[in-house]
Amino acid sequence: MIEIGTQVDLSHPPDRVWLALTDLELLGRWFVEAETVEGVPDRLLLHTAGLPGFDGDVEVEVTERNAPELLSLRCDEAGRLTELTCAVTATKQGSRLAVREVTTHGAWSAEQHEPREQQLRQALTVRLPAILDWLAFQQVDLRRGEAGMTAELPVIGAGGTSARSRRRRRTLVAVVGGAVLVAGTAAWITLPS
């Protein structure tokens, strides 16, 4: 038995990660294009031929689905059989995705193992987070008030005020205070006793 596995911490909720794992269009954007096998429920064809570490396309059958926590697949790549498990766990910062692929019949060659593992890690640590960020952005309503040609983005402070902002605020308070003092003094002088 040969195993490939990795885990990645993501700053996105489990539901969003689950969507990226199970939506065929999204899967094609961050990992590989996939299509359903006509007439067979829970069967997919992953177009992995040509990817480093893969001999050809992979036929996949969903064996367990527990949204948004667990997705188990039985994979057949040119007669080599594997079990692939994707486990999504909620964390304080978002979620953790653990992916594990274990051979059940046949084995990867020494030349396939490392490139296949690198392909998986790159997909999970670079392309998947980019798709999740894109999904999160799609859920943000940037319109304020009336719809227009462009959206006004909110201004977010950088965790504190700068020295320049503090100086401006002090100057403004001093000018307003001085104006009030001058106006009060002028009113006191000009008022009849």
# chains A, B, ... in the order shown; residues from 1 in each chain; ligands from 1

$ residues_around --residues "Ala34 in chain A" --least-positions-apart "6" --cutoff "6 Å" --atoms "only C-alpha atoms" --output "PyMOL selection string"
chain A and resi 24+45-46

$ select_by_dssp --residues "range 18-126 of chain A" --states "strand (DSSP E or B)" --output "number ranges by chain"
A: 34-36, 43-46, 58-66, 70-77, 80-90, 95-105

$ residues_around --residues "Ser109 in chain A" --least-positions-apart "5" --cutoff "12 Å" --atoms "only C-alpha atoms" --output "PyMOL selection string"
chain A and resi 2+53-55+80+103+114-116

$ write_last_selection --atoms "N, CA, C and O atoms" --output "short mmCIF file (atom, residue, chain, number, x, y, z; two decimals), in the first residue's frame"
data_model
loop_
_atom_site.label_atom_id
_atom_site.label_comp_id
_atom_site.auth_asym_id
_atom_site.auth_seq_id
_atom_site.Cartn_x
_atom_site.Cartn_y
_atom_site.Cartn_z
N ILE A 2 0.61 2.15 -0.93
CA ILE A 2 1.33 3.41 -1.03
C ILE A 2 0.35 4.53 -0.74
O ILE A 2 -0.80 4.49 -1.16
N GLY A 53 2.81 12.82 -12.95
CA GLY A 53 2.49 11.74 -12.02
C GLY A 53 1.25 10.94 -12.38
O GLY A 53 0.90 9.99 -11.68
N PHE A 54 0.56 11.28 -13.47
CA PHE A 54 -0.65 10.55 -13.88
C PHE A 54 -0.42 9.87 -15.21
O PHE A 54 0.15 10.45 -16.14
N ASP A 55 -0.89 8.61 -15.31
CA ASP A 55 -0.77 7.85 -16.56
C ASP A 55 -1.86 8.21 -17.55
O ASP A 55 -1.66 8.14 -18.75
N ARG A 80 -4.99 0.90 -12.02
CA ARG A 80 -4.48 1.13 -10.67
C ARG A 80 -5.64 1.70 -9.86
O ARG A 80 -6.24 2.70 -10.22
N THR A 103 -3.28 3.53 -2.38
CA THR A 103 -3.46 2.51 -3.41
C THR A 103 -4.09 1.27 -2.80
O THR A 103 -3.76 0.86 -1.68
N GLU A 114 6.49 11.23 -6.58
CA GLU A 114 6.85 12.60 -6.21
C GLU A 114 6.12 13.65 -7.06
O GLU A 114 5.55 14.59 -6.50
N PRO A 115 6.09 13.52 -8.40
CA PRO A 115 5.35 14.52 -9.18
C PRO A 115 3.86 14.55 -8.86
O PRO A 115 3.24 15.62 -8.85
N ARG A 116 3.30 13.39 -8.57
CA ARG A 116 1.87 13.32 -8.23
C ARG A 116 1.60 14.05 -6.92
O ARG A 116 0.65 14.80 -6.79
#

$ residues_around --residues "Pro14 in chain A" --least-positions-apart "5" --cutoff "10 Å" --atoms "only C-alpha atoms" --output "number ranges by chain"
A: 19-20, 67-69, 87-91, 94-97

$ closest_residue --among "A:Glu61, A:Thr171, A:Leu44, A:His113" --to "Asp23 in chain A" --atoms "only C-alpha atoms"
A:Leu44

$ residues_around --residues "His47 in chain A" --least-positions-apart "6" --cutoff "9 Å" --atoms "only C-alpha atoms" --output "VMD selection string"
chain A and resid 32 to 35 56 to 59

$ write_last_selection --atoms "N, CA and C atoms" --output "short mmCIF file (atom, residue, chain, number, x, y, z; two decimals), in the first residue's frame"
data_model
loop_
_atom_site.label_atom_id
_atom_site.label_comp_id
_atom_site.auth_asym_id
_atom_site.auth_seq_id
_atom_site.Cartn_x
_atom_site.Cartn_y
_atom_site.Cartn_z
N VAL A 32 -8.57 19.88 -11.88
CA VAL A 32 -8.58 19.27 -13.21
C VAL A 32 -10.03 19.24 -13.71
N GLU A 33 -10.19 19.32 -15.02
CA GLU A 33 -11.53 19.25 -15.58
C GLU A 33 -12.14 17.88 -15.30
N ALA A 34 -13.45 17.90 -15.05
CA ALA A 34 -14.16 16.67 -14.72
C ALA A 34 -15.50 16.68 -15.43
N GLU A 35 -15.99 15.49 -15.73
CA GLU A 35 -17.31 15.37 -16.32
C GLU A 35 -18.00 14.14 -15.73
N GLY A 56 -3.04 8.52 -17.04
CA GLY A 56 -4.17 8.80 -17.91
C GLY A 56 -5.30 9.42 -17.12
N ASP A 57 -6.47 9.46 -17.74
CA ASP A 57 -7.65 9.98 -17.05
C ASP A 57 -8.03 9.03 -15.92
N VAL A 58 -8.72 9.57 -14.92
CA VAL A 58 -9.10 8.79 -13.75
C VAL A 58 -10.63 8.70 -13.69
N GLU A 59 -11.12 7.46 -13.61
CA GLU A 59 -12.55 7.25 -13.38
C GLU A 59 -12.77 7.25 -11.88
#

$ select_by_dssp --residues "range 5-125 of chain A" --states "helix (DSSP H, G or I)" --output "PyMOL selection string"
chain A and resi 14-22+24-30+110-125

$ closest_atom_pairs --of "range 32-140 of chain A" --to "range 7-10 of chain A" --cutoff "12 Å" --atoms "only C-alpha atoms" --output "JSON lines"
{"residue": "A:Thr85", "atom": "CA", "partner": "A:Gln7", "partner_atom": "CA", "distance": 11.3}
{"residue": "A:Cys86", "atom": "CA", "partner": "A:Gln7", "partner_atom": "CA", "distance": 9.4}
{"residue": "A:Ala87", "atom": "CA", "partner": "A:Gln7", "partner_atom": "CA", "distance": 9.1}
{"residue": "A:Val88", "atom": "CA", "partner": "A:Gln7", "partner_atom": "CA", "distance": 9.6}
{"residue": "A:Thr89", "atom": "CA", "partner": "A:Asp9", "partner_atom": "CA", "distance": 9.4}
{"residue": "A:Ala90", "atom": "CA", "partner": "A:Leu10", "partner_atom": "CA", "distance": 9.6}
{"residue": "A:Thr91", "atom": "CA", "partner": "A:Asp9", "partner_atom": "CA", "distance": 8.4}
{"residue": "A:Lys92", "atom": "CA", "partner": "A:Leu10", "partner_atom": "CA", "distance": 10.3}
{"residue": "A:Gln93", "atom": "CA", "partner": "A:Leu10", "partner_atom": "CA", "distance": 7.5}
{"residue": "A:Gly94", "atom": "CA", "partner": "A:Leu10", "partner_atom": "CA", "distance": 5.8}
{"residue": "A:Ser95", "atom": "CA", "partner": "A:Leu10", "partner_atom": "CA", "distance": 5.3}
{"residue": "A:Arg96", "atom": "CA", "partner": "A:Asp9", "partner_atom": "CA", "distance": 4.4}
{"residue": "A:Leu97", "atom": "CA", "partner": "A:Val8", "partner_atom": "CA", "distance": 5.4}
{"residue": "A:Ala98", "atom": "CA", "partner": "A:Gln7", "partner_atom": "CA", "distance": 4.1}
{"residue": "A:Val99", "atom": "CA", "partner": "A:Gln7", "partner_atom": "CA", "distance": 6.1}
{"residue": "A:Arg100", "atom": "CA", "partner": "A:Gln7", "partner_atom": "CA", "distance": 8.5}
{"residue": "A:Glu101", "atom": "CA", "partner": "A:Gln7", "partner_atom": "CA", "distance": 11.9}
{"residue": "A:Glu117", "atom": "CA", "partner": "A:Gln7", "partner_atom": "CA", "distance": 11.8}
{"residue": "A:Leu120", "atom": "CA", "partner": "A:Gln7", "partner_atom": "CA", "distance": 10.1}
{"residue": "A:Arg121", "atom": "CA", "partner": "A:Gln7", "partner_atom": "CA", "distance": 8.4}
{"residue": "A:Gln122", "atom": "CA", "partner": "A:Val8", "partner_atom": "CA", "distance": 10.7}
{"residue": "A:Ala123", "atom": "CA", "partner": "A:Val8", "partner_atom": "CA", "distance": 10.5}
{"residue": "A:Leu124", "atom": "CA", "partner": "A:Val8", "partner_atom": "CA", "distance": 6.8}
{"residue": "A:Thr125", "atom": "CA", "partner": "A:Val8", "partner_atom": "CA", "distance": 6.6}
{"residue": "A:Val126", "atom": "CA", "partner": "A:Val8", "partner_atom": "CA", "distance": 10.2}
{"residue": "A:Arg127", "atom": "CA", "partner": "A:Leu10", "partner_atom": "CA", "distance": 11.8}
{"residue": "A:Leu128", "atom": "CA", "partner": "A:Leu10", "partner_atom": "CA", "distance": 9.1}
{"residue": "A:Pro129", "atom": "CA", "partner": "A:Leu10", "partner_atom": "CA", "distance": 6.9}
{"residue": "A:Ala130", "atom": "CA", "partner": "A:Leu10", "partner_atom": "CA", "distance": 10.5}
{"residue": "A:Ile131", "atom": "CA", "partner": "A:Leu10", "partner_atom": "CA", "distance": 11.4}
{"residue": "A:Leu132", "atom": "CA", "partner": "A:Leu10", "partner_atom": "CA", "distance": 8.7}
{"residue": "A:Asp133", "atom": "CA", "partner": "A:Leu10", "partner_atom": "CA", "distance": 10.0}

$ write_last_selection --atoms "C-alpha atoms" --output "PDB file, in the first residue's frame"
ATOM      1  CA  THR A  85     -10.534  10.823   1.040  1.00  0.00           C
ATOM      2  CA  CYS A  86     -11.126  14.551   1.480  1.00  0.00           C
ATOM      3  CA  ALA A  87     -11.904  15.554   5.073  1.00  0.00           C
ATOM      4  CA  VAL A  88     -12.947  19.141   5.872  1.00  0.00           C
ATOM      5  CA  THR A  89     -12.779  20.276   9.499  1.00  0.00           C
ATOM      6  CA  ALA A  90     -13.883  23.647  10.825  1.00  0.00           C
ATOM      7  CA  THR A  91     -11.185  25.703  12.573  1.00  0.00           C
ATOM      8  CA  LYS A  92     -11.167  29.109  14.264  1.00  0.00           C
ATOM      9  CA  GLN A  93      -9.612  30.672  11.155  1.00  0.00           C
ATOM     10  CA  GLY A  94     -11.790  28.804   8.610  1.00  0.00           C
ATOM     11  CA  SER A  95     -11.190  25.155   7.871  1.00  0.00           C
ATOM     12  CA  ARG A  96      -8.605  22.440   7.403  1.00  0.00           C
ATOM     13  CA  LEU A  97      -8.691  20.190   4.355  1.00  0.00           C
ATOM     14  CA  ALA A  98      -6.921  16.843   4.622  1.00  0.00           C
ATOM     15  CA  VAL A  99      -6.546  14.812   1.430  1.00  0.00           C
ATOM     16  CA  ARG A 100      -5.312  11.223   1.480  1.00  0.00           C
ATOM     17  CA  GLU A 101      -4.949   8.825  -1.450  1.00  0.00           C
ATOM     18  CA  GLU A 117       2.328  14.482  -4.646  1.00  0.00           C
ATOM     19  CA  LEU A 120      -1.638  17.668  -5.271  1.00  0.00           C
ATOM     20  CA  ARG A 121       0.204  20.056  -2.931  1.00  0.00           C
ATOM     21  CA  GLN A 122       0.332  22.830  -5.526  1.00  0.00           C
ATOM     22  CA  ALA A 123      -3.379  22.435  -6.242  1.00  0.00           C
ATOM     23  CA  LEU A 124      -4.252  22.566  -2.533  1.00  0.00           C
ATOM     24  CA  THR A 125      -1.890  25.333  -1.432  1.00  0.00           C
ATOM     25  CA  VAL A 126      -1.983  27.681  -4.444  1.00  0.00           C
ATOM     26  CA  ARG A 127      -4.893  27.134  -6.807  1.00  0.00           C
ATOM     27  CA  LEU A 128      -7.591  26.072  -4.302  1.00  0.00           C
ATOM     28  CA  PRO A 129      -7.072  29.110  -2.012  1.00  0.00           C
ATOM     29  CA  ALA A 130      -7.249  31.367  -5.088  1.00  0.00           C
ATOM     30  CA  ILE A 131     -10.593  29.846  -6.119  1.00  0.00           C
ATOM     31  CA  LEU A 132     -11.895  30.116  -2.547  1.00  0.00           C
ATOM     32  CA  ASP A 133     -10.900  33.800  -2.449  1.00  0.00           C
TER      33      ASP A 133
END

$ closest_residue --among "A:Leu135, A:Val102, A:Ala174, A:Ala163" --to "His12 in chain A" --atoms "only C-alpha atoms"
A:Leu135

$ decode --residues "range 81-92 of chain A" --atoms "all heavy atoms" --output "PDB file, in the first residue's frame"
ATOM      1  N   LEU A  81      -5.959   1.044  -8.752  1.00  0.00           N
ATOM      2  CA  LEU A  81      -7.091   1.454  -7.933  1.00  0.00           C
ATOM      3  C   LEU A  81      -6.603   2.162  -6.672  1.00  0.00           C
ATOM      4  O   LEU A  81      -5.650   1.707  -6.029  1.00  0.00           O
ATOM      5  CB  LEU A  81      -7.940   0.242  -7.553  1.00  0.00           C
ATOM      6  CG  LEU A  81      -8.455  -0.610  -8.717  1.00  0.00           C
ATOM      7  CD1 LEU A  81      -9.236  -1.804  -8.195  1.00  0.00           C
ATOM      8  CD2 LEU A  81      -9.285   0.212  -9.681  1.00  0.00           C
ATOM      9  N   THR A  82      -7.291   3.252  -6.332  1.00  0.00           N
ATOM     10  CA  THR A  82      -6.960   3.989  -5.115  1.00  0.00           C
ATOM     11  C   THR A  82      -8.237   4.421  -4.418  1.00  0.00           C
ATOM     12  O   THR A  82      -9.308   4.468  -5.019  1.00  0.00           O
ATOM     13  CB  THR A  82      -6.114   5.254  -5.418  1.00  0.00           C
ATOM     14  OG1 THR A  82      -6.874   6.141  -6.232  1.00  0.00           O
ATOM     15  CG2 THR A  82      -4.803   4.919  -6.090  1.00  0.00           C
ATOM     16  N   GLU A  83      -8.099   4.712  -3.141  1.00  0.00           N
ATOM     17  CA  GLU A  83      -9.167   5.325  -2.338  1.00  0.00           C
ATOM     18  C   GLU A  83      -8.692   6.731  -2.006  1.00  0.00           C
ATOM     19  O   GLU A  83      -7.596   6.911  -1.470  1.00  0.00           O
ATOM     20  CB  GLU A  83      -9.389   4.539  -1.039  1.00  0.00           C
ATOM     21  CG  GLU A  83      -9.865   3.120  -1.219  1.00  0.00           C
ATOM     22  CD  GLU A  83     -11.332   3.028  -1.606  1.00  0.00           C
ATOM     23  OE1 GLU A  83     -12.107   3.928  -1.221  1.00  0.00           O
ATOM     24  OE2 GLU A  83     -11.689   2.059  -2.289  1.00  0.00           O
ATOM     25  N   LEU A  84      -9.512   7.715  -2.326  1.00  0.00           N
ATOM     26  CA  LEU A  84      -9.182   9.113  -2.070  1.00  0.00           C
ATOM     27  C   LEU A  84     -10.191   9.666  -1.071  1.00  0.00           C
ATOM     28  O   LEU A  84     -11.394   9.534  -1.265  1.00  0.00           O
ATOM     29  CB  LEU A  84      -9.227   9.929  -3.365  1.00  0.00           C
ATOM     30  CG  LEU A  84      -8.920  11.410  -3.238  1.00  0.00           C
ATOM     31  CD1 LEU A  84      -7.427  11.622  -3.015  1.00  0.00           C
ATOM     32  CD2 LEU A  84      -9.366  12.150  -4.484  1.00  0.00           C
ATOM     33  N   THR A  85      -9.677  10.265  -0.001  1.00  0.00           N
ATOM     34  CA  THR A  85     -10.534  10.823   1.040  1.00  0.00           C
ATOM     35  C   THR A  85     -10.210  12.302   1.220  1.00  0.00           C
ATOM     36  O   THR A  85      -9.046  12.677   1.354  1.00  0.00           O
ATOM     37  CB  THR A  85     -10.310  10.091   2.379  1.00  0.00           C
ATOM     38  OG1 THR A  85     -10.517   8.704   2.183  1.00  0.00           O
ATOM     39  CG2 THR A  85     -11.256  10.596   3.445  1.00  0.00           C
ATOM     40  N   CYS A  86     -11.251  13.115   1.211  1.00  0.00           N
ATOM     41  CA  CYS A  86     -11.126  14.551   1.480  1.00  0.00           C
ATOM     42  C   CYS A  86     -11.933  14.837   2.744  1.00  0.00           C
ATOM     43  O   CYS A  86     -13.152  14.672   2.749  1.00  0.00           O
ATOM     44  CB  CYS A  86     -11.684  15.375   0.325  1.00  0.00           C
ATOM     45  SG  CYS A  86     -10.894  15.047  -1.251  1.00  0.00           S
ATOM     46  N   ALA A  87     -11.245  15.255   3.798  1.00  0.00           N
ATOM     47  CA  ALA A  87     -11.904  15.554   5.073  1.00  0.00           C
ATOM     48  C   ALA A  87     -11.777  17.046   5.354  1.00  0.00           C
ATOM     49  O   ALA A  87     -10.679  17.600   5.342  1.00  0.00           O
ATOM     50  CB  ALA A  87     -11.272  14.751   6.201  1.00  0.00           C
ATOM     51  N   VAL A  88     -12.908  17.700   5.590  1.00  0.00           N
ATOM     52  CA  VAL A  88     -12.947  19.141   5.872  1.00  0.00           C
ATOM     53  C   VAL A  88     -13.354  19.315   7.327  1.00  0.00           C
ATOM     54  O   VAL A  88     -14.398  18.823   7.747  1.00  0.00           O
ATOM     55  CB  VAL A  88     -13.956  19.860   4.941  1.00  0.00           C
ATOM     56  CG1 VAL A  88     -13.942  21.359   5.211  1.00  0.00           C
ATOM     57  CG2 VAL A  88     -13.667  19.551   3.483  1.00  0.00           C
ATOM     58  N   THR A  89     -12.525  20.033   8.087  1.00  0.00           N
ATOM     59  CA  THR A  89     -12.779  20.276   9.499  1.00  0.00           C
ATOM     60  C   THR A  89     -12.804  21.772   9.754  1.00  0.00           C
ATOM     61  O   THR A  89     -11.913  22.494   9.295  1.00  0.00           O
ATOM     62  CB  THR A  89     -11.652  19.645  10.351  1.00  0.00           C
ATOM     63  OG1 THR A  89     -11.478  18.284   9.963  1.00  0.00           O
ATOM     64  CG2 THR A  89     -11.969  19.721  11.824  1.00  0.00           C
ATOM     65  N   ALA A  90     -13.799  22.229  10.476  1.00  0.00           N
ATOM     66  CA  ALA A  90     -13.883  23.647  10.825  1.00  0.00           C
ATOM     67  C   ALA A  90     -12.779  23.993  11.818  1.00  0.00           C
ATOM     68  O   ALA A  90     -12.460  23.213  12.713  1.00  0.00           O
ATOM     69  CB  ALA A  90     -15.253  23.968  11.419  1.00  0.00           C
ATOM     70  N   THR A  91     -12.190  25.179  11.646  1.00  0.00           N
ATOM     71  CA  THR A  91     -11.185  25.703  12.573  1.00  0.00           C
ATOM     72  C   THR A  91     -11.588  27.130  12.943  1.00  0.00           C
ATOM     73  O   THR A  91     -12.513  27.690  12.363  1.00  0.00           O
ATOM     74  CB  THR A  91      -9.779  25.718  11.926  1.00  0.00           C
ATOM     75  OG1 THR A  91      -9.791  26.619  10.811  1.00  0.00           O
ATOM     76  CG2 THR A  91      -9.348  24.330  11.481  1.00  0.00           C
ATOM     77  N   LYS A  92     -10.870  27.725  13.879  1.00  0.00           N
ATOM     78  CA  LYS A  92     -11.167  29.109  14.264  1.00  0.00           C
ATOM     79  C   LYS A  92     -10.934  30.077  13.107  1.00  0.00           C
ATOM     80  O   LYS A  92     -11.630  31.069  12.978  1.00  0.00           O
ATOM     81  CB  LYS A  92     -10.305  29.527  15.454  1.00  0.00           C
ATOM     82  CG  LYS A  92     -10.713  28.893  16.751  1.00  0.00           C
ATOM     83  CD  LYS A  92      -9.857  29.385  17.883  1.00  0.00           C
ATOM     84  CE  LYS A  92     -10.282  28.721  19.185  1.00  0.00           C
ATOM     85  NZ  LYS A  92      -9.485  29.172  20.318  1.00  0.00           N
TER      86      LYS A  92
END
